[in-house]
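A.B. asks: My structure is below; once you've seen it, I'll send some questions.
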Amino acid sequence: IARSIPYTPFFTNDSKDIPNDDTTPGPIVPTVGRTDSRPESVRQSSKPTSSPTSLQHYYKNKIEKLLVDISGESLQLEGSPQLKALQWILNDDFSINHSEKDEVLIQRYALATIYYSTFGDGWVVNDSWLSDVSECEWHGITCNDDYVIELKLDENQLEGSLPDEIGVLLSLESLNADDNSITGSIPSTIGNLINMIEIDIDTNYLGGTIPDEIYNLSELQILDIDTNTFTGTISSDIRKLEKLFYVQLSYNYFSGTIPEEFSNLSHLIVLTIEENDFVGDIPTSLCQLQPNLRDLWADCNGPKIKNKCSCCTECFPRIY
C-alpha cells in the first residue's frame, strides 16, 4: 500500500514573527526527512531589526528553517549534497532574496541537490546550472509559469544517485536521465510527483525494488527502466497506472510471475520484459490487448523457456 507523505505548512501569518513586507504563509511541501535536531540558531530566530545585517540574518534563518524541514538530518552531514545545496543557496545564489516565493527557493534547492548528488561538475553539459539566472534557463530544464515540468539530462555523464529532494518538484511531468551512470535506487518520494507523465531512466546502474509509491502516479504514460539492476517483483498495483502505453522492464533482475493486472492497461502499446528472472507463462489476457499491443517481448525462446507465450512478437534469446 502506498505510503502517504505528510504535508506541513512552515510559516504563519503572525506579524509578530515575520517582517511587515513578508506576511504570506509559506508553501505546503512534502517532507523528505523531518527532524527535530535543528541547530539552536535555526530553531530560535528573532524578529529582524532595521539593520541590513540583522535583516539578512533573519532571512538566512528563514531559509534554513524551510530547507531543514525538507531534508532533515542530511543537512548536518559534512559534504552531503543537501548541505552543499544549502550553502550554495545561502552564500552564492544571489538571485534568491526575501522577495522570492518560497516555492521557487525550494525548487532551486532541490535542483542544486540533484546537481551535487549526481556530480554536476562532471556533466558533459551543465550550462547555467548553479548560476544566478532563473533555473528555467539551466540546461535540460523546461518550465511552465516558473515551475519545472521537465528534467532532461540523458547521455550527460550523471553519476551518483537521485536524491529524495526530487520529490519536492511537484510540477515535474517528465524525468529523462537515461544513458548515464546513476546508481542507488528510485527514491520513494517520487510518489509525490502526481503530475508525472514520463519516467525514462533506462541504461544506468539503478537497483533495488520499484518503490510502492510509484503506483500513485496515475498520470504516468511512459515507464522506461530497462537495462539497470532492478530486483524484486512487479506489484499487482500496476493496474492503477491505467494511462501507461509504453513499459520497458527488460535487462534487469525482476523475478516472480508476470502480473495478470497488466491486461488492465488498455492503452498499452509496448511491453518488454525479456532478460529477467520472471517465471511462469505470459497471461493470455495480455494477448487480448492486441492488435493495440504492438510489441510484446519476453523470454519465450531457447532450450529452457522461462515464459511460455502464445502471442509475443519477439522471443528471447533470439535465434539467428
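Residues in the C-alpha cells are named by chain (A, B, ... in the order shown) and by number from 1 within that chain; ligands are numbered from 1 in the order shown.
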What's the 10 Å shell around Val148 of chain A, counting only C-alpha atoms, without same-chain residues fewer than 2 positions away, as a list in words?

C.D. replies: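 Those residues are Val104, Gln107, Arg108, Leu111, Glu135, Cys136, Ile141, Thr142, Cys143, Asn144, Asp145, Asp146, Glu150, Leu151, Leu169, Leu170, Ser171, Leu172, Glu173 and Ser174 of chain A.
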
A.B. asks: With C-alpha atoms retained, could you export that selection as a CSV table (one decimal), in the first residue's frame?

C.D. replies:
chain,number,residue,atom,x,y,z
A,104,VAL,CA,11.0,29.0,-6.1
A,107,GLN,CA,12.7,24.3,-6.4
A,108,ARG,CA,16.2,25.8,-6.8
A,111,LEU,CA,17.8,21.1,-8.3
A,135,GLU,CA,16.6,27.8,-13.1
A,136,CYS,CA,14.2,27.6,-16.1
A,141,ILE,CA,15.1,22.2,-17.8
A,142,THR,CA,11.7,23.2,-19.2
A,143,CYS,CA,9.3,25.3,-17.1
A,144,ASN,CA,5.7,26.4,-17.2
A,145,ASP,CA,4.9,29.5,-15.3
A,146,ASP,CA,8.3,29.4,-13.5
A,150,GLU,CA,10.8,18.6,-17.5
A,151,LEU,CA,14.2,17.5,-16.4
A,169,LEU,CA,9.5,19.2,-7.7
A,170,LEU,CA,5.7,18.9,-7.6
A,171,SER,CA,5.1,20.2,-11.1
A,172,LEU,CA,7.5,17.7,-12.8
A,173,GLU,CA,5.9,15.8,-15.7
A,174,SER,CA,9.0,14.3,-17.4

A.B. asks: Report as number ranges by chain all protein, DNA and RNA residues lying within 8 Å of segment 250-265 of chain A, evaluated on only C-alpha atoms, omitting residues in the same chain fewer than 5 positions from it.

C.D. replies: A: 225-239, 241-245, 272-283, 285-286, 288-289

A.B. asks: Please provide the set of residues having any atom within 8 Å of Glu198 of chain A, restricted to only C-alpha atoms, with same-chain residues fewer than 5 positions apart removed, written as a ChimeraX atom specification.

C.D. replies: /A:173-176,220-223

A.B. asks: Run DSSP on the backbone and tell me which residues of segment 240-315 of chain A come out as alpha helix (DSSP H); list them as a PyMOL selection string.

C.D. replies: chain A and resi 284-287

A.B. asks: To one decimal in Å, tell me the separation between atom CA of Val133 of chain A and atom CA of Lys152 of chain A.

C.D. replies: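 Calculated distance between atom CA of Val133 of chain A and atom CA of Lys152 of chain A is 18.3 Å.
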
A.B. asks: Report the distance between atom CA of Trp88 of chain A and atom CA of Val125 of chain A in Å, rounded to one decimal place.

C.D. replies: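 These atoms are spaced 19.7 Å apart.
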
A.B. asks: So which residues touch Leu67 of chain A within 9 Å, counting only C-alpha atoms, skipping near sequence neighbours fewer than 6 positions away, as an mmCIF file with N, CA and C atoms, in the first residue's frame?

C.D. replies:
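Writing done, so here's around-v3.cif:
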data_model
loop_
_atom_site.group_PDB
_atom_site.id
_atom_site.type_symbol
_atom_site.label_atom_id
_atom_site.label_comp_id
_atom_site.auth_asym_id
_atom_site.auth_seq_id
_atom_site.Cartn_x
_atom_site.Cartn_y
_atom_site.Cartn_z
ATOM 1 N N LEU A 75 21.127 17.667 6.146
ATOM 2 C CA LEU A 75 21.756 18.977 6.113
ATOM 3 C C LEU A 75 22.876 19.109 7.137
ATOM 4 N N LEU A 86 22.442 23.779 0.337
ATOM 5 C CA LEU A 86 22.077 24.823 1.294
ATOM 6 C C LEU A 86 23.133 25.920 1.308
ATOM 7 N N ILE A 106 12.608 26.596 -2.870
ATOM 8 C CA ILE A 106 12.601 25.139 -2.692
ATOM 9 C C ILE A 106 12.972 24.443 -3.995
ATOM 10 N N TYR A 109 16.665 24.829 -4.632
ATOM 11 C CA TYR A 109 17.393 23.981 -3.695
ATOM 12 C C TYR A 109 17.346 22.521 -4.138
#

A.B. asks: Determine, counting only C-alpha atoms, which protein, DNA and RNA residues have an atom within 9 Å of an atom of Ile166 of chain A; residues of the same chain fewer than 4 positions away are not included. Present the result as a ChimeraX atom specification.

C.D. replies: /A:110-111,113-114,162,170,187,189-190,193

A.B. asks: Write down as number ranges by chain the residues of segment 109-157 of chain A whose backbone DSSP state falls under strand (DSSP E).

C.D. replies: A: 141-144, 147-152

A.B. asks: Please dump the current selection as a short mmCIF file (atom, residue, chain, number, x, y, z; two decimals), in the first residue's frame; keep all heavy atoms.

C.D. replies:
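In the end it all went to result.cif:
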data_model
loop_
_atom_site.label_atom_id
_atom_site.label_comp_id
_atom_site.auth_asym_id
_atom_site.auth_seq_id
_atom_site.Cartn_x
_atom_site.Cartn_y
_atom_site.Cartn_z
N ILE A 141 16.32 21.91 -18.58
CA ILE A 141 15.12 22.19 -17.78
C ILE A 141 14.10 22.95 -18.62
O ILE A 141 14.43 23.90 -19.33
CB ILE A 141 15.48 23.00 -16.52
CG1 ILE A 141 16.24 22.11 -15.54
CG2 ILE A 141 14.23 23.58 -15.86
CD1 ILE A 141 16.67 22.82 -14.28
N THR A 142 12.87 22.50 -18.54
CA THR A 142 11.74 23.20 -19.15
C THR A 142 10.77 23.59 -18.05
O THR A 142 10.49 22.78 -17.15
CB THR A 142 11.03 22.32 -20.19
OG1 THR A 142 11.97 21.92 -21.19
CG2 THR A 142 9.87 23.07 -20.85
N CYS A 143 10.25 24.81 -18.12
CA CYS A 143 9.33 25.30 -17.10
C CYS A 143 8.00 25.72 -17.71
O CYS A 143 7.90 25.99 -18.91
CB CYS A 143 9.92 26.51 -16.36
SG CYS A 143 11.31 26.12 -15.28
N ASN A 144 7.02 25.77 -16.86
CA ASN A 144 5.72 26.35 -17.19
C ASN A 144 5.33 27.25 -16.03
O ASN A 144 5.20 26.78 -14.89
CB ASN A 144 4.68 25.26 -17.41
CG ASN A 144 3.33 25.81 -17.82
OD1 ASN A 144 3.23 26.93 -18.32
ND2 ASN A 144 2.27 25.05 -17.61
N TYR A 147 7.65 27.04 -13.02
CA TYR A 147 7.79 25.78 -12.30
C TYR A 147 8.30 24.70 -13.25
O TYR A 147 7.84 24.58 -14.38
CB TYR A 147 6.45 25.37 -11.68
CG TYR A 147 6.02 26.32 -10.59
CD1 TYR A 147 5.01 27.25 -10.82
CD2 TYR A 147 6.65 26.31 -9.35
CE1 TYR A 147 4.62 28.14 -9.83
CE2 TYR A 147 6.27 27.21 -8.36
CZ TYR A 147 5.26 28.12 -8.60
OH TYR A 147 4.89 29.01 -7.62
N VAL A 148 9.25 23.91 -12.77
CA VAL A 148 9.92 22.90 -13.59
C VAL A 148 8.93 21.79 -13.93
O VAL A 148 8.34 21.16 -13.05
CB VAL A 148 11.13 22.31 -12.85
CG1 VAL A 148 11.75 21.17 -13.67
CG2 VAL A 148 12.18 23.39 -12.59
N ILE A 149 8.78 21.54 -15.25
CA ILE A 149 7.92 20.44 -15.69
C ILE A 149 8.72 19.34 -16.39
O ILE A 149 8.21 18.22 -16.54
CB ILE A 149 6.79 20.94 -16.62
CG1 ILE A 149 7.36 21.58 -17.88
CG2 ILE A 149 5.86 21.89 -15.87
CD1 ILE A 149 6.31 21.89 -18.94
N GLU A 150 9.94 19.64 -16.82
CA GLU A 150 10.76 18.62 -17.49
C GLU A 150 12.21 18.74 -17.04
O GLU A 150 12.77 19.84 -16.97
CB GLU A 150 10.69 18.77 -19.00
CG GLU A 150 11.51 17.71 -19.74
CD GLU A 150 11.47 17.86 -21.25
OE1 GLU A 150 11.16 18.98 -21.74
OE2 GLU A 150 11.76 16.88 -21.95
N LEU A 151 12.80 17.59 -16.75
CA LEU A 151 14.22 17.49 -16.42
C LEU A 151 14.82 16.51 -17.41
O LEU A 151 14.57 15.30 -17.34
CB LEU A 151 14.39 17.01 -14.98
CG LEU A 151 15.77 17.08 -14.35
CD1 LEU A 151 16.33 18.50 -14.40
CD2 LEU A 151 15.71 16.60 -12.91
N LYS A 152 15.58 17.03 -18.37
CA LYS A 152 16.12 16.21 -19.47
C LYS A 152 17.64 16.23 -19.40
O LYS A 152 18.28 17.19 -19.85
CB LYS A 152 15.61 16.74 -20.82
CG LYS A 152 16.08 15.91 -22.01
CD LYS A 152 15.43 16.39 -23.29
CE LYS A 152 15.98 15.70 -24.53
NZ LYS A 152 15.92 14.23 -24.45
#

A.B. asks: Between atom CA of Asn195 of chain A and atom CA of Leu217 of chain A, what is the distance in Å, rounded to a tenth?

C.D. replies: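 Going from atom CA of Asn195 of chain A over to atom CA of Leu217 of chain A covers 7.2 Å.
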